[in-house]
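Asker: entry07.cif is reproduced in full below (mmCIF, C-alpha atoms).
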```cif
data_query
#
loop_
_atom_site.group_PDB
_atom_site.id
_atom_site.type_symbol
_atom_site.label_atom_id
_atom_site.label_comp_id
_atom_site.auth_asym_id
_atom_site.auth_seq_id
_atom_site.Cartn_x
_atom_site.Cartn_y
_atom_site.Cartn_z
ATOM 1 C CA MET R 1 64.718 35.407 24.484
ATOM 2 C CA THR R 2 63.960 32.006 25.993
ATOM 3 C CA LEU R 3 64.591 33.079 29.567
ATOM 4 C CA PRO R 4 60.911 33.683 30.441
ATOM 5 C CA LEU R 5 59.962 30.467 28.624
ATOM 6 C CA ARG R 6 62.303 28.398 30.749
ATOM 7 C CA ARG R 7 61.185 30.085 33.948
ATOM 8 C CA LEU R 8 57.563 29.157 33.290
ATOM 9 C CA SER R 9 58.257 25.662 32.105
ATOM 10 C CA LEU R 10 59.734 24.825 35.031
ATOM 11 C CA LEU R 11 66.012 2.381 34.775
ATOM 12 C CA LEU R 12 65.508 1.096 31.492
ATOM 13 C CA LEU R 13 68.729 2.374 29.995
ATOM 14 C CA VAL R 14 71.991 0.823 31.074
ATOM 15 C CA PRO R 15 74.113 3.636 32.581
ATOM 16 C CA LEU R 16 76.138 5.167 29.790
ATOM 17 C CA ALA R 17 78.432 7.581 31.607
ATOM 18 C CA SER R 18 80.465 6.632 34.643
ATOM 19 C CA LEU R 19 81.577 8.720 37.576
ATOM 20 C CA ALA R 20 85.139 8.118 36.461
ATOM 21 C CA LEU R 21 84.326 9.746 33.138
ATOM 22 C CA ALA R 22 82.659 12.636 34.947
ATOM 23 C CA SER R 23 85.849 13.223 36.878
ATOM 24 C CA LEU R 24 87.942 12.921 33.729
ATOM 25 C CA VAL R 25 86.027 15.432 31.652
ATOM 26 C CA ALA R 26 86.191 17.958 34.449
ATOM 27 C CA SER R 27 89.961 17.966 34.342
ATOM 28 C CA SER R 28 91.878 20.628 32.491
ATOM 29 C CA ALA R 29 93.478 18.001 30.290
ATOM 30 C CA ALA R 30 90.108 16.792 29.019
ATOM 31 C CA ALA R 31 88.940 20.355 28.530
ATOM 32 C CA ALA R 32 91.876 20.974 26.218
ATOM 33 C CA GLU R 33 91.015 18.084 23.907
ATOM 34 C CA PRO R 34 89.317 18.919 20.590
ATOM 35 C CA GLN R 35 85.593 18.318 20.477
ATOM 36 C CA PRO R 36 83.999 16.013 17.919
ATOM 37 C CA SER R 37 81.662 17.618 15.420
ATOM 38 C CA GLY R 38 78.082 17.873 16.637
ATOM 39 C CA ASP R 39 76.720 17.871 13.099
ATOM 40 C CA ALA R 40 74.759 14.731 12.274
ATOM 41 C CA VAL R 41 71.695 13.622 10.301
ATOM 42 C CA ILE R 42 69.747 10.406 10.835
ATOM 43 C CA ARG R 43 66.624 9.315 8.978
ATOM 44 C CA SER R 44 64.071 6.553 8.587
ATOM 45 C CA PRO R 45 61.064 6.024 6.275
ATOM 46 C CA LEU R 46 57.557 6.870 7.433
ATOM 47 C CA GLY R 47 54.767 6.495 4.900
ATOM 48 C CA ASP R 48 55.542 8.317 1.663
ATOM 49 C CA SER R 49 58.149 10.466 3.408
ATOM 50 C CA GLU R 50 60.815 10.018 6.071
ATOM 51 C CA ILE R 51 61.631 11.279 9.550
ATOM 52 C CA VAL R 52 64.848 13.307 9.488
ATOM 53 C CA ILE R 53 66.613 14.339 12.713
ATOM 54 C CA THR R 54 69.444 16.885 12.628
ATOM 55 C CA THR R 55 71.942 17.777 15.339
ATOM 56 C CA THR R 56 74.486 20.604 15.139
ATOM 57 C CA SER R 57 77.839 21.623 16.559
ATOM 58 C CA ARG R 58 76.255 24.980 17.380
ATOM 59 C CA LEU R 59 74.172 23.136 20.005
ATOM 60 C CA ALA R 60 76.893 20.701 21.175
ATOM 61 C CA GLY R 61 75.081 17.839 19.460
ATOM 62 C CA ALA R 62 71.565 18.616 20.737
ATOM 63 C CA ILE R 63 68.639 18.061 18.362
ATOM 64 C CA HIS R 64 68.109 21.129 16.186
ATOM 65 C CA SER R 65 65.474 19.810 13.763
ATOM 66 C CA ILE R 66 62.946 17.022 13.222
ATOM 67 C CA THR R 67 61.095 17.012 9.904
ATOM 68 C CA TRP R 68 58.520 14.742 8.279
ATOM 69 C CA ASN R 69 56.444 15.176 5.140
ATOM 70 C CA GLY R 70 57.695 18.736 4.657
ATOM 71 C CA GLN R 71 56.848 19.855 8.213
ATOM 72 C CA GLU R 72 59.353 21.133 10.789
ATOM 73 C CA PHE R 73 58.492 19.954 14.314
ATOM 74 C CA ILE R 74 61.146 21.865 16.303
ATOM 75 C CA ASP R 75 61.491 25.622 16.829
ATOM 76 C CA SER R 76 65.254 25.927 17.292
ATOM 77 C CA PHE R 77 65.882 29.563 18.164
ATOM 78 C CA ASP R 78 68.607 30.278 20.715
ATOM 79 C CA HIS R 79 70.268 27.599 22.901
ATOM 80 C CA GLY R 80 67.123 26.834 24.906
ATOM 81 C CA ARG R 81 64.505 26.035 22.251
ATOM 82 C CA GLN R 82 65.377 22.602 20.925
ATOM 83 C CA LEU R 83 64.516 19.002 21.630
ATOM 84 C CA GLN R 84 66.902 18.563 24.541
ATOM 85 C CA SER R 85 67.396 17.690 28.217
ATOM 86 C CA ALA R 86 68.248 19.707 31.327
ATOM 87 C CA SER R 87 68.356 19.413 35.113
ATOM 88 C CA ASN R 88 67.831 21.753 38.068
ATOM 89 C CA PHE R 89 69.139 21.418 41.634
ATOM 90 C CA ASP R 90 68.911 23.103 44.996
ATOM 91 C CA VAL R 91 71.992 24.658 46.596
ATOM 92 C CA ASP R 92 72.341 24.769 50.383
ATOM 93 C CA GLY R 93 68.807 23.407 50.672
ATOM 94 C CA LYS R 94 67.234 26.205 48.621
ATOM 95 C CA PHE R 95 65.754 25.617 45.171
ATOM 96 C CA GLU R 96 65.515 28.584 42.824
ATOM 97 C CA VAL R 97 64.680 27.907 39.194
ATOM 98 C CA GLU R 98 67.616 28.087 36.749
ATOM 99 C CA THR R 99 70.193 29.093 39.349
ATOM 100 C CA PHE R 100 71.937 25.678 39.190
ATOM 101 C CA ASN R 101 70.691 24.381 35.855
ATOM 102 C CA PRO R 102 72.926 22.163 33.659
ATOM 103 C CA THR R 103 71.546 22.321 30.094
ATOM 104 C CA GLU R 104 72.432 20.134 27.116
ATOM 105 C CA ALA R 105 72.395 22.653 24.260
ATOM 106 C CA GLY R 106 74.188 25.505 26.033
ATOM 107 C CA SER R 107 73.691 28.613 28.112
ATOM 108 C CA MET R 108 71.479 31.681 28.033
ATOM 109 C CA SER R 109 74.476 33.832 27.119
ATOM 110 C CA ASP R 110 75.122 31.690 24.026
ATOM 111 C CA GLY R 111 71.973 33.329 22.643
ATOM 112 C CA ARG R 112 71.616 32.907 18.886
ATOM 113 C CA GLY R 113 75.377 32.670 18.480
ATOM 114 C CA PRO R 114 77.257 29.992 16.518
ATOM 115 C CA THR R 115 78.826 28.148 19.463
ATOM 116 C CA SER R 116 77.781 26.486 22.720
ATOM 117 C CA THR R 117 79.257 26.646 26.201
ATOM 118 C CA SER R 118 78.341 22.953 26.526
ATOM 119 C CA ARG R 119 81.025 20.503 25.340
ATOM 120 C CA LEU R 120 80.270 17.518 23.143
ATOM 121 C CA LEU R 121 82.568 14.701 24.283
ATOM 122 C CA HIS R 122 81.488 11.699 22.260
ATOM 123 C CA LYS R 123 79.262 10.868 19.285
ATOM 124 C CA ILE R 124 78.138 7.728 17.465
ATOM 125 C CA VAL R 125 75.907 7.987 14.381
ATOM 126 C CA GLY R 126 74.174 5.320 12.289
ATOM 127 C CA ASP R 127 71.483 5.431 9.634
ATOM 128 C CA ASN R 128 68.574 5.750 12.089
ATOM 129 C CA PHE R 129 70.318 6.199 15.461
ATOM 130 C CA LEU R 130 72.760 8.416 17.283
ATOM 131 C CA GLN R 131 74.420 8.591 20.667
ATOM 132 C CA THR R 132 76.084 11.604 22.277
ATOM 133 C CA THR R 133 77.683 12.447 25.592
ATOM 134 C CA THR R 134 77.757 16.116 26.520
ATOM 135 C CA GLN R 135 79.298 18.033 29.397
ATOM 136 C CA MET R 136 76.457 20.428 30.067
ATOM 137 C CA ALA R 137 76.777 24.179 30.457
ATOM 138 C CA PHE R 138 75.006 25.958 33.277
ATOM 139 C CA TRP R 139 72.099 27.962 31.869
ATOM 140 C CA LEU R 140 73.278 31.019 33.818
ATOM 141 C CA ARG R 141 76.851 32.197 33.870
ATOM 142 C CA PRO R 142 78.294 33.339 37.217
ATOM 143 C CA GLY R 143 76.918 36.788 37.980
ATOM 144 C CA GLU R 144 73.753 36.374 35.881
ATOM 145 C CA LYS R 145 70.312 36.224 37.475
ATOM 146 C CA SER R 146 66.973 34.503 36.949
ATOM 147 C CA LEU R 147 63.871 36.137 38.445
ATOM 148 C CA GLY R 148 66.245 38.275 40.494
ATOM 149 C CA ASN R 149 68.049 35.239 41.915
ATOM 150 C CA PRO R 150 71.787 35.002 41.215
ATOM 151 C CA ALA R 151 73.454 31.973 39.660
ATOM 152 C CA ARG R 152 74.729 29.548 42.296
ATOM 153 C CA ASN R 153 77.299 27.989 39.983
ATOM 154 C CA THR R 154 80.801 29.448 40.060
ATOM 155 C CA GLN R 155 81.816 28.453 36.518
ATOM 156 C CA PRO R 156 80.017 28.435 33.161
ATOM 157 C CA LEU R 157 80.590 24.705 32.482
ATOM 158 C CA SER R 158 79.172 22.088 34.844
ATOM 159 C CA ASN R 159 80.661 18.696 35.762
ATOM 160 C CA HIS R 160 77.308 17.070 34.888
ATOM 161 C CA LEU R 161 77.162 14.744 31.881
ATOM 162 C CA LEU R 162 74.187 13.994 29.648
ATOM 163 C CA THR R 163 74.256 10.877 27.481
ATOM 164 C CA LYS R 164 71.417 10.341 25.016
ATOM 165 C CA ARG R 165 70.581 7.501 22.655
ATOM 166 C CA VAL R 166 68.088 8.389 19.931
ATOM 167 C CA THR R 167 66.598 5.756 17.635
ATOM 168 C CA ILE R 168 63.895 6.251 14.995
ATOM 169 C CA GLY R 169 61.462 3.342 15.086
ATOM 170 C CA TYR R 170 60.361 1.030 17.892
ATOM 171 C CA ARG R 171 58.761 -2.438 17.767
ATOM 172 C CA GLY R 172 56.802 -1.988 14.559
ATOM 173 C CA LEU R 173 56.093 1.707 15.209
ATOM 174 C CA PRO R 174 58.136 3.578 12.580
ATOM 175 C CA ASN R 175 56.814 6.955 13.756
ATOM 176 C CA VAL R 176 58.170 6.586 17.308
ATOM 177 C CA ILE R 177 61.513 8.073 18.357
ATOM 178 C CA VAL R 178 63.092 6.370 21.360
ATOM 179 C CA HIS R 179 64.947 8.995 23.380
ATOM 180 C CA ASP R 180 66.953 7.355 26.194
ATOM 181 C CA VAL R 181 68.840 9.720 28.490
ATOM 182 C CA THR R 182 71.245 9.307 31.387
ATOM 183 C CA PHE R 183 72.125 12.227 33.656
ATOM 184 C CA SER R 184 75.464 11.638 35.421
ATOM 185 C CA LEU R 185 75.751 13.570 38.675
ATOM 186 C CA PRO R 186 79.345 14.136 39.766
ATOM 187 C CA LEU R 187 80.999 13.472 43.086
ATOM 188 C CA GLY R 188 81.651 16.436 45.350
ATOM 189 C CA GLU R 189 78.317 18.276 45.073
ATOM 190 C CA LYS R 190 75.641 18.463 47.783
ATOM 191 C CA HIS R 191 72.006 18.583 46.700
ATOM 192 C CA THR R 192 68.808 17.477 48.413
ATOM 193 C CA TYR R 193 66.504 18.108 45.441
ATOM 194 C CA ALA R 194 66.917 17.197 41.780
ATOM 195 C CA GLN R 195 64.558 18.024 38.926
ATOM 196 C CA PHE R 196 65.210 16.196 35.658
ATOM 197 C CA GLU R 197 63.629 17.548 32.490
ATOM 198 C CA ALA R 198 64.208 14.211 30.785
ATOM 199 C CA VAL R 199 63.228 15.679 27.439
ATOM 200 C CA THR R 200 61.484 18.783 26.165
ATOM 201 C CA GLY R 201 60.404 19.855 22.704
ATOM 202 C CA TYR R 202 59.864 23.454 21.593
ATOM 203 C CA MET R 203 57.573 23.472 18.568
ATOM 204 C CA PRO R 204 56.345 26.001 15.976
ATOM 205 C CA PRO R 205 53.141 27.888 16.905
ATOM 206 C CA GLU R 206 51.022 26.104 14.290
ATOM 207 C CA PHE R 207 50.946 23.149 16.712
ATOM 208 C CA SER R 208 48.293 25.123 18.508
ATOM 209 C CA GLN R 209 45.984 22.383 19.803
ATOM 210 C CA PHE R 210 46.872 20.726 23.109
ATOM 211 C CA TRP R 211 45.613 17.238 23.950
ATOM 212 C CA LYS R 212 46.136 14.643 26.675
ATOM 213 C CA LEU R 213 45.727 10.908 26.210
ATOM 214 C CA ASN R 214 43.428 9.246 28.748
ATOM 215 C CA PRO R 215 45.194 5.939 29.551
ATOM 216 C CA ALA R 216 41.924 4.291 30.571
ATOM 217 C CA SER R 217 39.925 5.085 27.429
ATOM 218 C CA GLY R 218 42.808 5.456 25.003
ATOM 219 C CA GLU R 219 41.165 8.624 23.676
ATOM 220 C CA LEU R 220 42.468 12.156 23.371
ATOM 221 C CA GLU R 221 40.906 14.830 25.557
ATOM 222 C CA GLU R 222 41.333 18.572 25.206
ATOM 223 C CA LEU R 223 44.012 20.066 27.408
ATOM 224 C CA SER R 224 44.059 23.647 28.616
ATOM 225 C CA ASP R 225 47.002 25.940 28.020
ATOM 226 C CA GLY R 226 47.991 25.503 31.653
ATOM 227 C CA PRO R 227 50.872 26.179 31.845
ATOM 228 C CA GLY R 228 52.285 23.261 33.785
ATOM 229 C CA GLU R 229 52.334 19.520 34.248
ATOM 230 C CA GLN R 230 49.717 16.821 34.611
ATOM 231 C CA ALA R 231 49.832 13.030 34.735
ATOM 232 C CA TRP R 232 48.746 12.015 31.204
ATOM 233 C CA PRO R 233 50.806 11.899 27.986
ATOM 234 C CA VAL R 234 50.619 15.127 25.977
ATOM 235 C CA VAL R 235 50.013 15.640 22.254
ATOM 236 C CA LEU R 236 50.483 18.924 20.377
ATOM 237 C CA ALA R 237 48.792 19.048 16.967
ATOM 238 C CA THR R 238 47.937 21.374 14.101
ATOM 239 C CA PRO R 239 44.222 22.297 13.875
ATOM 240 C CA ASP R 240 43.688 20.106 10.809
ATOM 241 C CA GLY R 241 45.265 17.102 12.541
ATOM 242 C CA LYS R 242 47.746 16.525 9.709
ATOM 243 C CA TYR R 243 50.746 16.940 12.014
ATOM 244 C CA ALA R 244 51.194 16.079 15.666
ATOM 245 C CA MET R 245 53.846 15.158 18.210
ATOM 246 C CA GLY R 246 53.274 13.339 21.491
ATOM 247 C CA ILE R 247 55.378 12.407 24.516
ATOM 248 C CA TYR R 248 55.178 9.377 26.784
ATOM 249 C CA SER R 249 57.701 8.272 29.419
ATOM 250 C CA PRO R 250 57.336 5.169 31.605
ATOM 251 C CA LYS R 251 57.753 5.557 35.346
ATOM 252 C CA SER R 252 61.291 5.370 36.651
ATOM 253 C CA THR R 253 62.303 2.470 38.889
ATOM 254 C CA ALA R 254 64.850 4.603 40.780
ATOM 255 C CA PRO R 255 64.036 4.705 44.529
ATOM 256 C CA GLY R 256 62.205 7.883 45.517
ATOM 257 C CA MET R 257 61.886 9.184 41.956
ATOM 258 C CA ILE R 258 58.566 10.959 41.308
ATOM 259 C CA GLY R 259 57.098 11.308 37.839
ATOM 260 C CA PRO R 260 56.776 11.625 35.024
ATOM 261 C CA GLY R 261 54.788 14.808 34.865
ATOM 262 C CA PHE R 262 53.903 15.868 31.336
ATOM 263 C CA GLY R 263 53.864 19.620 30.740
ATOM 264 C CA ARG R 264 52.507 21.898 28.054
ATOM 265 C CA PHE R 265 53.120 25.606 27.534
ATOM 266 C CA ARG R 266 52.034 28.264 25.058
ATOM 267 C CA PHE R 267 54.135 31.400 24.651
ATOM 268 C CA THR R 268 52.042 33.651 22.451
ATOM 269 C CA ALA R 269 54.394 36.626 22.263
ATOM 270 C CA GLU R 270 57.387 34.434 21.452
ATOM 271 C CA LYS R 271 55.384 32.386 18.908
ATOM 272 C CA VAL R 272 56.380 28.984 20.272
ATOM 273 C CA VAL R 273 54.757 26.081 22.137
ATOM 274 C CA LYS R 274 56.381 23.428 24.288
ATOM 275 C CA TRP R 275 55.903 19.998 25.881
ATOM 276 C CA ASN R 276 58.115 18.206 28.404
ATOM 277 C CA SER R 277 58.547 15.104 30.567
ATOM 278 C CA VAL R 278 59.818 15.788 34.094
ATOM 279 C CA PHE R 279 61.011 13.629 37.006
ATOM 280 C CA ARG R 280 61.916 14.740 40.549
ATOM 281 C CA LEU R 281 63.916 13.330 43.428
ATOM 282 C CA ARG R 282 64.062 14.700 46.968
ATOM 283 C CA SER R 283 66.518 13.259 49.493
ATOM 284 C CA PRO R 284 67.152 15.123 52.767
ATOM 285 C CA SER R 285 70.328 13.086 53.254
ATOM 286 C CA GLY R 286 71.590 14.149 49.837
ATOM 287 C CA VAL R 287 70.947 13.171 46.221
ATOM 288 C CA PRO R 288 73.590 10.495 45.540
ATOM 289 C CA ALA R 289 76.178 11.020 42.858
ATOM 290 C CA GLY R 290 75.671 8.590 40.005
ATOM 291 C CA ASP R 291 73.617 7.901 36.905
ATOM 292 C CA TYR R 292 69.891 8.609 36.544
ATOM 293 C CA SER R 293 68.297 7.151 33.431
ATOM 294 C CA PHE R 294 64.944 7.762 31.746
ATOM 295 C CA ARG R 295 63.275 6.332 28.669
ATOM 296 C CA ASN R 296 61.142 8.668 26.553
ATOM 297 C CA PHE R 297 58.997 7.937 23.515
ATOM 298 C CA VAL R 298 58.371 10.809 21.096
ATOM 299 C CA ALA R 299 55.647 9.939 18.586
ATOM 300 C CA LEU R 300 55.017 12.013 15.462
ATOM 301 C CA GLY R 301 52.920 11.892 12.317
ATOM 302 C CA ASP R 302 49.288 12.875 11.943
ATOM 303 C CA LYS R 303 47.100 13.068 15.057
ATOM 304 C CA ALA R 304 45.467 9.662 14.521
ATOM 305 C CA MET R 305 48.867 8.006 14.003
ATOM 306 C CA VAL R 306 50.309 9.576 17.151
ATOM 307 C CA THR R 307 47.278 8.596 19.225
ATOM 308 C CA ALA R 308 47.432 4.966 18.060
ATOM 309 C CA SER R 309 51.167 4.750 18.813
ATOM 310 C CA LEU R 310 50.800 6.175 22.314
ATOM 311 C CA ARG R 311 48.030 3.675 23.052
ATOM 312 C CA LYS R 312 50.342 0.789 22.129
ATOM 313 C CA LEU R 313 53.229 2.189 24.130
ATOM 314 C CA ILE R 314 51.126 2.650 27.270
ATOM 315 C CA ALA R 315 49.768 -0.886 26.929
ATOM 316 C CA GLU R 316 53.263 -2.456 27.030
#
```
Any chance you could give the structure as structure tokens?

Answerer:
Amino acid sequence: MTLPLRRLSLLLLVPLASLALASLVASSAAAAEPQPSGDAVIRSPLGDSEIVITTTSRLAGAIHSITWNGQEFIDSFDHGRQLQSASNFDVDGKFEVETFNPTEAGSMSDGRGPTSTSRLLHKIVGDNFLQTTTQMAFWLRPGEKSLGNPARNTQPLSNHLLTKRVTIGYRGLPNVIVHDVTFSLPLGEKHTYAQFEAVTGYMPPEFSQFWKLNPASGELEELSDGPGEQAWPVVLATPDGKYAMGIYSPKSTAPGMIGPGFGRFRFTAEKVVKWNSVFRLRSPSGVPAGDYSFRNFVALGDKAMVTASLRKLIAE
């Protein structure tokens, strides 16, 4: 079960999804249209091996797997443990985790099943890049609860869209995955608080060492299990340093947007670890409908390679 994991873990990109599209996909006519396949594989060389990213229809086009040099970097279990994006909102001025929680890969009730409540609307795939637009499911179905709090959504499928562009390789850094995301908030909803998990990665337990990159020194420093967020980019690595994955997101230029905060989490019983990049917006007059975009850099390779790449990215 990922439910306890999600409870604890809680404008560089040109807008990709318009409010008109948000209205369209919410209509019954759009809902009746067949979905494109979410199955895709992109790849790019890195050293003597290659980075391979796999998405699946089971997850409505969310990232199911990232491999390099024989190592799997993603622990894809149910419909919550992937490399994916999600958002959380207050309802009637009250914020309760997961109770209004559009999620890219699907819902809690999708479990380990073969399908997703989320709907993949659009997909473009090239050799080393992909783009998807997904109508996100609510994590909770109506009537379900999180920490005793009932779902505030009245339908299983939200009117929130998530568009992602994923490219392997960035400005001479072949081990860096650019993960651009745009959350499209629909007209007709009233929220004063928005929490954007721009990207999160659930990883196998062998990535047991947690590090943070000190931007001033450019060196890694040990990071406690937390759980929670802090201000420096996070790296999760195997004890021998042969495999690592790090996350860095530049600050957003959107007015009032706070972040990023970089989180790390260890779930011993569930045998999984996690990192994330999170942004928040509070607006007493209401969070405006529209597009909210974030750029994320996911670096992988060995620990030294990841550290060097993050240094260069921060220095830009």

Asker: Do you know which residues are at most 7 Å from Asp291 of chain R counting all atoms listed in the file, after dropping those on the same chain fewer than 2 positions away, and could you put them as a PyMOL selection string?

Answerer: chain R and resi 15+182-185+293

Asker: What would the selection look like, as a list in words, if the PyMOL selection byres ((chain R and resi 99-111) around 6) were run on the coordinates I just shared?

Answerer: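 So the PyMOL selection byres ((chain R and resi 99-111) around 6) ends up selecting Leu59, Ala60, Ala62, Asp78, His79, Ser85, Ala86, Ser87, Asn88, Phe89, Glu96, Val97, Glu98, Arg112, Gly113, Ser116, Thr117, Ser118, Met136, Ala137, Phe138, Trp139, Ala151, Arg152 and Asn153 of chain R.
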
Asker: Looking at only C-alpha atoms, which of R:Ala40, R:Val287, R:His179, R:Arg311 is the one that sits closest to Asn214 of chain R?

Answerer: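 Closest residue, counting only C-alpha atoms: R:Arg311.
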
Asker: As an exercise, work out the distance from atom CA of Arg295 of chain R to atom CA of Gly80 of chain R in Å and give it to one decimal place.

Answerer: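 Computing the Euclidean distance for atom CA of Arg295 of chain R and atom CA of Gly80 of chain R yields 21.2 Å.
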
Asker: Measuring between all atoms listed in the file, which one of R:Val298, R:Val234, R:Ile74, R:Met245 shows the shortest distance to Gly169 of chain R?

Answerer: R:Val298

Asker: Using only C-alpha atoms for the distances, tell me which of R:Ala254, R:Leu236, R:Met203, R:Ile63 is nearest to Glu270 of chain R.

Answerer: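 Closest to Glu270 of chain R, using only C-alpha atoms: R:Met203.
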
Asker: Selected by the PyMOL selection byres ((chain R and resi 241) around 10) in the shown coordinates: which residues, as a list of chain:residue names?

Answerer: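 On the file shown, the PyMOL selection byres ((chain R and resi 241) around 10) covers R:Phe207, R:Gln209, R:Leu236, R:Ala237, R:Thr238, R:Pro239, R:Asp240, R:Lys242, R:Tyr243, R:Ala244, R:Gly301, R:Asp302, R:Lys303, R:Ala304, R:Met305.
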
Asker: Give as an MDAnalysis selection string every residue, naming chains and numbers as the document does, that has an atom within 9 Å of (55.3, 20.2, 31.8), counting all atoms listed in the file.

Answerer: chainID R and resid 9:10 197 200 227:230 261:265 274:278

Asker: Include C-alpha atoms and write out the residues we just selected as a tab-separated table (two decimals), in the frame of the given file.

Answerer:
```
chain	number	residue	atom	x	y	z
R	9	SER	CA	58.26	25.66	32.10
R	10	LEU	CA	59.73	24.82	35.03
R	197	GLU	CA	63.63	17.55	32.49
R	200	THR	CA	61.48	18.78	26.16
R	227	PRO	CA	50.87	26.18	31.84
R	228	GLY	CA	52.28	23.26	33.78
R	229	GLU	CA	52.33	19.52	34.25
R	230	GLN	CA	49.72	16.82	34.61
R	261	GLY	CA	54.79	14.81	34.86
R	262	PHE	CA	53.90	15.87	31.34
R	263	GLY	CA	53.86	19.62	30.74
R	264	ARG	CA	52.51	21.90	28.05
R	265	PHE	CA	53.12	25.61	27.53
R	274	LYS	CA	56.38	23.43	24.29
R	275	TRP	CA	55.90	20.00	25.88
R	276	ASN	CA	58.12	18.21	28.40
R	277	SER	CA	58.55	15.10	30.57
R	278	VAL	CA	59.82	15.79	34.09
```

Asker: Since the input has fewer atoms than a full residue there, write segment 193-209 of chain R out with N, CA and C atoms, as a PDB file, keeping the file's coordinate frame.

Answerer:
```pdb
ATOM      1  N   TYR R 193      67.623  18.112  46.383  1.00  0.00           N
ATOM      2  CA  TYR R 193      66.504  18.108  45.441  1.00  0.00           C
ATOM      3  C   TYR R 193      67.041  18.154  44.018  1.00  0.00           C
ATOM      4  N   ALA R 194      66.522  17.251  43.186  1.00  0.00           N
ATOM      5  CA  ALA R 194      66.917  17.197  41.780  1.00  0.00           C
ATOM      6  C   ALA R 194      65.665  17.173  40.921  1.00  0.00           C
ATOM      7  N   GLN R 195      65.656  17.980  39.895  1.00  0.00           N
ATOM      8  CA  GLN R 195      64.558  18.024  38.926  1.00  0.00           C
ATOM      9  C   GLN R 195      65.138  17.734  37.546  1.00  0.00           C
ATOM     10  N   PHE R 196      64.692  16.624  36.953  1.00  0.00           N
ATOM     11  CA  PHE R 196      65.210  16.196  35.658  1.00  0.00           C
ATOM     12  C   PHE R 196      64.163  16.453  34.578  1.00  0.00           C
ATOM     13  N   GLU R 197      64.453  17.389  33.688  1.00  0.00           N
ATOM     14  CA  GLU R 197      63.629  17.548  32.490  1.00  0.00           C
ATOM     15  C   GLU R 197      64.197  16.546  31.491  1.00  0.00           C
ATOM     16  N   ALA R 198      63.642  15.316  31.555  1.00  0.00           N
ATOM     17  CA  ALA R 198      64.208  14.211  30.785  1.00  0.00           C
ATOM     18  C   ALA R 198      64.264  14.542  29.306  1.00  0.00           C
ATOM     19  N   VAL R 199      63.214  15.194  28.819  1.00  0.00           N
ATOM     20  CA  VAL R 199      63.228  15.679  27.439  1.00  0.00           C
ATOM     21  C   VAL R 199      62.167  16.759  27.310  1.00  0.00           C
ATOM     22  N   THR R 200      62.458  17.745  26.501  1.00  0.00           N
ATOM     23  CA  THR R 200      61.484  18.783  26.165  1.00  0.00           C
ATOM     24  C   THR R 200      61.560  19.066  24.681  1.00  0.00           C
ATOM     25  N   GLY R 201      60.437  19.479  24.105  1.00  0.00           N
ATOM     26  CA  GLY R 201      60.404  19.855  22.704  1.00  0.00           C
ATOM     27  C   GLY R 201      59.720  21.204  22.522  1.00  0.00           C
ATOM     28  N   TYR R 202      60.450  22.159  21.972  1.00  0.00           N
ATOM     29  CA  TYR R 202      59.864  23.454  21.593  1.00  0.00           C
ATOM     30  C   TYR R 202      59.419  23.348  20.141  1.00  0.00           C
ATOM     31  N   MET R 203      58.167  23.710  19.873  1.00  0.00           N
ATOM     32  CA  MET R 203      57.573  23.472  18.568  1.00  0.00           C
ATOM     33  C   MET R 203      57.029  24.763  17.961  1.00  0.00           C
ATOM     34  N   PRO R 204      56.903  24.809  16.627  1.00  0.00           N
ATOM     35  CA  PRO R 204      56.345  26.001  15.976  1.00  0.00           C
ATOM     36  C   PRO R 204      54.907  26.265  16.438  1.00  0.00           C
ATOM     37  N   PRO R 205      54.452  27.517  16.352  1.00  0.00           N
ATOM     38  CA  PRO R 205      53.141  27.888  16.905  1.00  0.00           C
ATOM     39  C   PRO R 205      51.959  27.259  16.198  1.00  0.00           C
ATOM     40  N   GLU R 206      52.155  26.733  14.970  1.00  0.00           N
ATOM     41  CA  GLU R 206      51.022  26.104  14.290  1.00  0.00           C
ATOM     42  C   GLU R 206      50.566  24.820  14.977  1.00  0.00           C
ATOM     43  N   PHE R 207      51.389  24.283  15.885  1.00  0.00           N
ATOM     44  CA  PHE R 207      50.946  23.149  16.712  1.00  0.00           C
ATOM     45  C   PHE R 207      50.146  23.708  17.891  1.00  0.00           C
ATOM     46  N   SER R 208      49.021  24.272  17.574  1.00  0.00           N
ATOM     47  CA  SER R 208      48.293  25.123  18.508  1.00  0.00           C
ATOM     48  C   SER R 208      47.260  24.393  19.353  1.00  0.00           C
ATOM     49  N   GLN R 209      46.971  23.129  19.036  1.00  0.00           N
ATOM     50  CA  GLN R 209      45.984  22.383  19.803  1.00  0.00           C
ATOM     51  C   GLN R 209      46.679  21.442  20.773  1.00  0.00           C
TER      52      GLN R 209
END
```
